[in-house]
Amino acid sequence: MTGYLKTAVLVLFFFLVPVGFILLVSPPLFKNAFISPDLAQLSGVGLKRKNPRIVYQEDRELETSYASKERWYAIVRNASDLDPHKGDVFLVSFLVRFNGFPSERKRHNIIEKYDTSKRPYPGWAIGIKKINGLIRPQVYWRDAKGHGGWYTFDSLKPKKNTWYSLTLIARDSKYLSLYIEPLEHESIAPETKLVSFLGGHKIENILTPSSKSDLSLGVVRSEGKSFRGDLARVVIGHPSSLVEKIYFLLEFLEGGSGLLKTKLDSRDLVLAINERWQDESQGKHPIERT
């Protein structure tokens, strides 16, 4: 009996110790969280770094180029590559700095490409809305048959005059996910959460949205619905492949859209706006200031 007991103890010891070690050293979620329809349960997951974040030279250039208090936005004329394509990955990433926020139940569209004057208003957009006192990012995703609409994500606590990188990923026409990273112009303390996952939504029953509208960067509306702030480094792509596991995706997104355009294959980039508001992608879309 004693021999059996010793054997059992040894088996448990040599089984549990390696498993415990793997769990200890593995990234969050044990590397098994995929970008899937179950994304909602992962809301709030974030990437942390053991070392302070470096200050990128592009950050300083960005701050210098936006030192003026002048506010202006832009339009990119309609092109099919600025819309998602059926069955592929659609990525939109940009830097945003808020100078004000919407009042209760109002929405500020930051970037949009949908038919605002033609029912059922097909297309896509990204904005923020105040709901019960909280700032909630929203994504508009609507097809030509009227399926879809505004999808709400986890609340934010954005500071005025602070740059944030906001990234939307629509994967395989099945689900949307949204990510945010504050881009401070100083070192961030160790273990500070950088890229955060804001939630996901299923879009399996919605056709791929497209519109004949121009892409508006910074949207002006009446009745207090105009976006107030700055936009920079807008990137749109159709990545032929993109990592799925959540931890590695957060790591890939770190550094904002200015670095993201260097991580994607140039053939997958359809819009890459630099600090001079010129398109560096293969599309070379003309950009009109408004």
# chains A, B, ... in the order shown; residues from 1 in each chain; ligands from 1
call {"tool": "select_by_dssp", "arguments": {"residues": "stretch 55-260 of chain A", "states": "helix (DSSP H, G or I)", "output": "count of residues only"}}
result
24
call {"tool": "residues_around", "arguments": {"residues": "A:Ser216", "least_positions_apart": "5", "cutoff": "8 Å", "atoms": "only C-alpha atoms", "output": "count of residues only"}}
result
7
call {"tool": "select_by_dssp", "arguments": {"residues": "stretch 120-241 of chain A", "states": "strand (DSSP E)", "output": "PyMOL selection string"}}
result
chain A and resi 123-131+134-142+148-152+163-171+175-183+193-202+215-217+229-237
call {"tool": "residues_around", "arguments": {"residues": "stretch 144-152 of chain A", "least_positions_apart": "4", "cutoff": "6 Å", "atoms": "only C-alpha atoms", "output": "NGL selection string"}}
result
:A and (120 or 122 or 138-140 or 206)
call {"tool": "write_last_selection", "arguments": {"atoms": "C-alpha atoms", "output": "PDB file, in the first residue's frame"}}
result
ATOM      1  CA  PRO A 120     -30.286  51.719 -45.838  1.00  0.00           C
ATOM      2  CA  PRO A 122     -24.521  50.898 -46.113  1.00  0.00           C
ATOM      3  CA  GLN A 138     -18.760  52.351 -31.509  1.00  0.00           C
ATOM      4  CA  VAL A 139     -18.325  50.735 -34.917  1.00  0.00           C
ATOM      5  CA  TYR A 140     -20.884  51.097 -37.693  1.00  0.00           C
ATOM      6  CA  ILE A 206     -24.206  40.620 -42.354  1.00  0.00           C
TER       7      ILE A 206
END
call {"tool": "residues_around", "arguments": {"residues": "A:Asn132", "least_positions_apart": "4", "cutoff": "12 Å", "atoms": "only C-alpha atoms", "output": "list in words"}}
result
Pro102, Ser103, Glu104, Arg105, Lys106, Arg136 and Ser155 of chain A
call {"tool": "closest_residue", "arguments": {"among": "A:Asn109, A:Ser165, A:Ser173, A:Thr116", "to": "A:Val89", "atoms": "only C-alpha atoms"}}
result
A:Ser173
call {"tool": "closest_residue", "arguments": {"among": "A:Asn274, A:Ser211, A:Ser241, A:Thr262", "to": "A:Arg77", "atoms": "only C-alpha atoms"}}
result
A:Ser211
